[in-house]
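A quick write-up on the structure given underneath.
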Amino acid sequence: MLPAMSVIGNFRQLTRTQRHTFVASFLGWTLDSLDFFILIFCVPAIAAEFRTKPSAVLAAVFLTQAFRPVGAILFGMLADRYGRRPILMANIFSFSVIELACAFAPSMTVLLILRALFGIAMGGEWGVGAALTFETLPKEGRGTFSGILQEGYAMGSILASGAFALFFHAIGWRGLFILGAAPALLVFYVQSQVEESPVWLSGATRRREARIAGIAAVKEPTRLLAFLPTFLFLVVLMTAFMSFSHGTQDVYPTFLTVQAKLSPGTVGLIGVLHGFGSMGGGFVFGTLSEKWGRKRAIITATLLAIPVIPLYAYGHSALTLGIGAVLMQFMVQGAWGVVPAYLTELCPAPVRATAPGLAYQLGGLITSWNGKAQALAAERWGSYPAVLAVTVVVVALLLAMLALLGREAKGSELTAT
């Protein structure tokens with residue numbers, strides 16, 4: 001009850017502009033995730049139409065992951081230079097149009113190219129949206145809103161699952177991609193209801209005044225160079241975070257199907273339930289980070305994943321495995337819920353739309369082959385549970401250690417300098 005009361009109280013304190021900004025950023029990340037997961041669910045159908053193997057279609061997922069850092073740099077730099085709001089609109093429109101183009105792909109090669117371009121668009125949304133959100137919202141309650149914002153990703157996966165279940169038999173995979181173009185409508189909402197980040201506007205005014213006065217920004221390169229060690233730490237931290245989420249999610253449906261022998265319907269139900277568990281974890285630990293601090297919240301959620309392993313990997317029924325999956329993703333995404341606020345607080349204003357998103361996406365690139373590596377290990381050892389258990393223990397301990405080494409930044413002022 002306390003976290004729920006906290007978020008209601010924090011949301012009521014927001015101005016109309018702040019509420020619209022948060023809603024727009026949450027929906028942007030949710031719909032970006034929806035468009036990503038639509039392909040995941042359609043892999044067998046796409047493979048059948050193009051007469052290829054599912055592994056060939058899954059190469060599209062790798063290309064999306066591989067090109068996300070490019071998008072983080074491109075859209076992040078544009079947002080740092082021209083403003084968060086217009087670039088967020090361009091970002092949303094871009095991934096929506098590319099999703100629509102995927103519906104008309106005439107070949108597997110064209111689809112792969114389009115999914116690489118989708119990766120560029122997807123890679124930019126998180127960093128730009130987070131910068132706009134946390135530069136607009138007050139620092140009070142930042143952790144709570146961070147937890148909710150991050151779980152837009154889980155909401156997107158739930159929506160994709162629902163769309164697949166409800167509409168696939170009627171409209172096929174191409175119809176689902178057409179449906180996935182709907183996020184373009186969000187651009188009109190951003191244009192009419194969302195204002196530019198006050199922090200970015202303040203910084204732009206100062207830079208303009210400095211140029212008029214003929215003052216050279218000699219301190220800027222020095223300040224950004226001093227930030228480099230922190231940025232490299234964030235890349236390592238996000239690699240561990242990505243290993244934590246992908247390491248507990250990517251091969252889990254395969255484990256449930258191949259080794260636990262559960263039906264597709266049961267596997268899908270477990271997926272939806274642990275999606276809601278993810279959202280709950282992000283909300284709870286994001287809120288607790290306001291009281292405990294970012295580091296303590298991350299460490300607690302991470303270490304609490306270890307006792308869940310017996311249910312999550314070694315459960316002997318669909319019920320116990322389902323409970324284990326929900327609890328595991330509650331802890332995994334509980335740690336993740338702190339990330340948007342934590343990365344934003346650690347980054348200076350001149351690169352606040354670029355650095356967090358780039359660190360985030362580089363972590364995803366480094367771990368992009370995680371699922372394949374786990375599958376190969378399980379095939380060699382003959383045990384998915386052992387692979388999942390070892391992954392959770394190793395990654396959880398590593399992530400907790402990295403979080404312990406990091407700097408606490410809760411409540412940092414997000415100024416324009």
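Note on naming: chains are A, B, ... as they come in the structure tokens, residues start from 1 per chain, ligands start from 1 in the order shown.
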Can I get the residues of range 85-181 of chain A within 12 Å of range 263-275 of chain A, each with the closest pair of atoms and their distance in Å to one decimal, using only C-alpha atoms, sorted chain first then ascending number, as a Markdown table?
| residue | atom | partner | partner_atom | distance |
| --- | --- | --- | --- | --- |
| A:Glu151 | CA | A:Gly275 | CA | 9.0 |
| A:Gly152 | CA | A:Gly275 | CA | 10.4 |
| A:Tyr153 | CA | A:Gly275 | CA | 9.2 |
| A:Ala154 | CA | A:Gly275 | CA | 5.5 |
| A:Met155 | CA | A:Gly275 | CA | 7.1 |
| A:Gly156 | CA | A:Gly275 | CA | 9.3 |
| A:Ser157 | CA | A:Gly275 | CA | 7.3 |
| A:Ile158 | CA | A:Val272 | CA | 5.8 |
| A:Leu159 | CA | A:Val272 | CA | 9.2 |
| A:Ala160 | CA | A:Val272 | CA | 10.0 |
| A:Ser161 | CA | A:Val272 | CA | 7.3 |
| A:Gly162 | CA | A:Val272 | CA | 8.6 |
| A:Phe164 | CA | A:Gly268 | CA | 10.5 |
| A:Ala165 | CA | A:Gly268 | CA | 9.1 |
Saved selection, atoms kept: C-alpha atoms, as a short mmCIF file (atom, residue, chain, number, x, y, z; two decimals), in the first residue's frame:
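To be explicit, this is the file written out as again.cif:
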data_model
loop_
_atom_site.label_atom_id
_atom_site.label_comp_id
_atom_site.auth_asym_id
_atom_site.auth_seq_id
_atom_site.Cartn_x
_atom_site.Cartn_y
_atom_site.Cartn_z
CA GLU A 151 8.32 -0.90 -17.21
CA GLY A 152 6.85 0.56 -20.36
CA TYR A 153 9.05 -2.13 -21.90
CA ALA A 154 7.15 -4.85 -20.03
CA MET A 155 3.83 -3.26 -20.96
CA GLY A 156 4.88 -3.33 -24.62
CA SER A 157 5.59 -7.05 -24.41
CA ILE A 158 2.18 -7.66 -22.82
CA LEU A 159 0.45 -5.66 -25.56
CA ALA A 160 2.35 -7.57 -28.26
CA SER A 161 1.36 -10.86 -26.65
CA GLY A 162 -2.28 -9.79 -26.55
CA PHE A 164 -0.73 -11.82 -31.31
CA ALA A 165 -3.29 -13.89 -29.44
#
Counting only C-alpha atoms, which residues of range 115-202 of chain A sit at most 10 Å from some atom of range 337-346 of chain A, and what is each one's closest atom pair with its distance in Å to one decimal, listed by chain and rising residue number, as a Markdown table?
| residue | atom | partner | partner_atom | distance |
| --- | --- | --- | --- | --- |
| A:Trp126 | CA | A:Pro340 | CA | 8.7 |
| A:Gly127 | CA | A:Pro340 | CA | 8.5 |
| A:Gly129 | CA | A:Pro340 | CA | 9.7 |
| A:Ala130 | CA | A:Pro340 | CA | 6.3 |
| A:Ala131 | CA | A:Thr344 | CA | 6.7 |
| A:Thr133 | CA | A:Ala341 | CA | 9.5 |
| A:Phe134 | CA | A:Ala341 | CA | 7.2 |
| A:Glu135 | CA | A:Thr344 | CA | 8.8 |
| A:Lys139 | CA | A:Ala341 | CA | 9.5 |
| A:Arg142 | CA | A:Ala341 | CA | 6.4 |
| A:Gly143 | CA | A:Ala341 | CA | 6.1 |
| A:Thr144 | CA | A:Val338 | CA | 8.3 |
| A:Phe145 | CA | A:Ala341 | CA | 8.2 |
| A:Ser146 | CA | A:Ala341 | CA | 5.3 |
| A:Gly147 | CA | A:Gly337 | CA | 3.8 |
| A:Ile148 | CA | A:Gly337 | CA | 7.0 |
| A:Leu149 | CA | A:Pro340 | CA | 7.7 |
| A:Gln150 | CA | A:Gly337 | CA | 5.6 |
| A:Glu151 | CA | A:Gly337 | CA | 7.0 |
If you keep N, CA and C atoms, can you produce a file of those selected residues as a short mmCIF file (atom, residue, chain, number, x, y, z; two decimals), in the first residue's frame?
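The file below, result_32.cif, is the result:
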data_model
loop_
_atom_site.label_atom_id
_atom_site.label_comp_id
_atom_site.auth_asym_id
_atom_site.auth_seq_id
_atom_site.Cartn_x
_atom_site.Cartn_y
_atom_site.Cartn_z
N TRP A 126 14.73 5.66 -25.83
CA TRP A 126 14.89 5.54 -24.38
C TRP A 126 15.63 6.75 -23.80
N GLY A 127 16.78 7.08 -24.37
CA GLY A 127 17.58 8.17 -23.83
C GLY A 127 16.92 9.52 -23.95
N GLY A 129 13.64 10.15 -24.31
CA GLY A 129 12.46 10.19 -23.44
C GLY A 129 12.81 10.35 -21.98
N ALA A 130 13.86 9.64 -21.52
CA ALA A 130 14.28 9.75 -20.12
C ALA A 130 14.78 11.14 -19.80
N ALA A 131 15.57 11.73 -20.71
CA ALA A 131 16.09 13.09 -20.49
C ALA A 131 14.94 14.09 -20.39
N THR A 133 11.82 13.52 -19.59
CA THR A 133 11.02 13.25 -18.39
C THR A 133 11.67 13.81 -17.13
N PHE A 134 12.91 13.43 -16.88
CA PHE A 134 13.51 13.78 -15.60
C PHE A 134 14.04 15.21 -15.53
N GLU A 135 14.18 15.85 -16.69
CA GLU A 135 14.48 17.28 -16.68
C GLU A 135 13.22 18.12 -16.49
N LYS A 139 12.50 16.60 -8.60
CA LYS A 139 13.37 15.52 -8.13
C LYS A 139 12.67 14.64 -7.09
N ARG A 142 11.33 11.00 -8.05
CA ARG A 142 11.99 10.62 -9.30
C ARG A 142 12.16 9.11 -9.40
N GLY A 143 12.46 8.45 -8.29
CA GLY A 143 12.64 7.00 -8.31
C GLY A 143 11.36 6.26 -8.65
N THR A 144 10.24 6.74 -8.10
CA THR A 144 8.95 6.12 -8.40
C THR A 144 8.62 6.21 -9.89
N PHE A 145 8.79 7.40 -10.44
CA PHE A 145 8.49 7.58 -11.85
C PHE A 145 9.49 6.82 -12.73
N SER A 146 10.71 6.67 -12.26
CA SER A 146 11.70 5.87 -12.98
C SER A 146 11.23 4.42 -13.09
N GLY A 147 10.75 3.88 -11.97
CA GLY A 147 10.29 2.50 -11.98
C GLY A 147 9.12 2.27 -12.92
N ILE A 148 8.20 3.23 -12.97
CA ILE A 148 7.05 3.11 -13.87
C ILE A 148 7.49 3.27 -15.32
N LEU A 149 8.33 4.28 -15.57
CA LEU A 149 8.78 4.55 -16.94
C LEU A 149 9.49 3.35 -17.55
N GLN A 150 10.40 2.73 -16.81
CA GLN A 150 11.16 1.61 -17.35
C GLN A 150 10.27 0.44 -17.71
N GLU A 151 9.18 0.26 -16.96
CA GLU A 151 8.32 -0.90 -17.21
C GLU A 151 7.36 -0.69 -18.37
#
Which neighbours of range 359-367 of chain A fall inside 9 Å, counting only C-alpha atoms, when residues of the same chain fewer than 2 positions from it are skipped, and could you give them as a VMD selection string?
-> chain A and resid 62 65 to 72 123 to 124 126 to 127 231 to 243 246 343 354 to 357 369 to 371
Based on the selection just made, write C-alpha atoms of those residues as a CSV table (one decimal), in the first residue's frame.
chain,number,residue,atom,x,y,z
A,62,PHE,CA,20.4,-9.3,-33.5
A,65,GLN,CA,20.2,-4.9,-31.0
A,66,ALA,CA,23.4,-4.2,-32.9
A,67,PHE,CA,22.1,-0.9,-34.4
A,68,ARG,CA,20.5,0.4,-31.3
A,69,PRO,CA,23.7,2.2,-30.1
A,70,VAL,CA,23.8,4.0,-33.5
A,71,GLY,CA,20.3,5.4,-32.7
A,72,ALA,CA,21.3,6.3,-29.2
A,123,GLY,CA,17.9,3.0,-29.8
A,124,GLY,CA,17.1,6.7,-29.7
A,126,TRP,CA,14.9,5.5,-24.4
A,127,GLY,CA,17.6,8.2,-23.8
A,231,PHE,CA,30.5,6.8,-18.8
A,232,LEU,CA,32.7,3.7,-19.1
A,233,PHE,CA,31.4,2.5,-15.7
A,234,LEU,CA,27.8,2.9,-16.9
A,235,VAL,CA,28.5,0.8,-20.0
A,236,VAL,CA,29.9,-2.0,-17.8
A,237,LEU,CA,26.9,-1.6,-15.4
A,238,MET,CA,24.4,-1.7,-18.2
A,239,THR,CA,26.1,-4.8,-19.7
A,240,ALA,CA,25.5,-6.5,-16.3
A,241,PHE,CA,21.9,-5.3,-16.3
A,242,MET,CA,21.3,-6.5,-19.8
A,243,SER,CA,22.8,-9.9,-18.9
A,246,HIS,CA,18.1,-11.3,-21.1
A,343,LEU,CA,21.7,7.1,-15.3
A,354,THR,CA,23.1,10.9,-25.4
A,355,ALA,CA,25.2,9.2,-22.7
A,356,PRO,CA,22.5,7.3,-20.7
A,357,GLY,CA,20.9,5.9,-23.9
A,369,TRP,CA,24.2,-13.1,-28.3
A,370,ASN,CA,23.2,-14.0,-24.7
A,371,GLY,CA,20.2,-16.2,-25.7
In Å, with one decimal, what is the gap from CA of Ser368 in chain A to CA of Ala59 in chain A?
-> 10.5 Å
Running DSSP on the backbone, which parts of range 119-351 of chain A land in alpha helix (DSSP H), as a PyMOL selection string?
-> chain A and resi 119-136+142-150+152-179+186-193+198-212+219-249+252-258+264-292+294-304+309-314+318-336+339-346
Hey, which bits of range 279-334 of chain A sit within 6 Å of range 396-409 of chain A, and for each residue what's the closest pair of atoms and how far apart in Å (one decimal), counting only C-alpha atoms, rows by chain and increasing number, as CSV?
residue,atom,partner,partner_atom,distance
A:Lys295,CA,A:Ala403,CA,5.7
A:Ile299,CA,A:Ala400,CA,4.8
A:Thr302,CA,A:Ala396,CA,5.5
Go ahead and write the selection's residues with C-alpha atoms as a PDB file, in the first residue's frame.
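That gives us result-v4.pdb:
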ATOM      1  CA  LYS A 295      22.330   1.734  -4.997  1.00  0.00           C
ATOM      2  CA  ILE A 299      21.502  -4.350  -4.701  1.00  0.00           C
ATOM      3  CA  THR A 302      19.358  -8.155  -7.402  1.00  0.00           C
TER       4      THR A 302
END
Closest to Ala375 in chain A among A:Pro253, A:Gly141, A:Gly281, A:Pro54, using only C-alpha atoms?
-> A:Pro253
Which residue, A:Ala121, A:Ile171, A:Val284, A:Val97, has the smallest gap to Pro183 in chain A when you use only C-alpha atoms?
->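 For Pro183 in chain A, the nearest of the candidates is A:Val97.
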With only C-alpha atoms as the atoms that count, which of A:Leu311, A:Ala79, A:Ile306, A:Leu179 lies nearest to Trp200 in chain A?
->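 For Trp200 in chain A, the nearest of the given residues is A:Ala79.
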Compare A:Leu31, A:Ile309, A:Ile298, A:Ala47 by their minimum atom-to-atom distance to Phe93 in chain A, counting only C-alpha atoms, and give me the closest one.
->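 Looking at the shortest contact to Phe93 in chain A, the residue is A:Leu31.
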Pick from A:Leu256, A:Val128, A:Val190, A:Ala353: nearest to Ala325 in chain A, with only C-alpha atoms counted?
->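 Between A:Leu256, A:Val128, A:Val190, A:Ala353, the residue approaching Ala325 in chain A most closely is A:Leu256.
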Name all residues at most 10 Å from Gly172 in chain A (count only C-alpha atoms; drop same-chain ones fewer than 4 positions away) and give them as number ranges by chain.
-> A: 42, 45-46, 103, 164, 167-168, 176-177
When you draw a straight line from CA of Leu388 in chain A to CA of Gln333 in chain A, how long is it in Å?
->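 CA of Gln333 in chain A lies 16.7 Å from CA of Leu388 in chain A.
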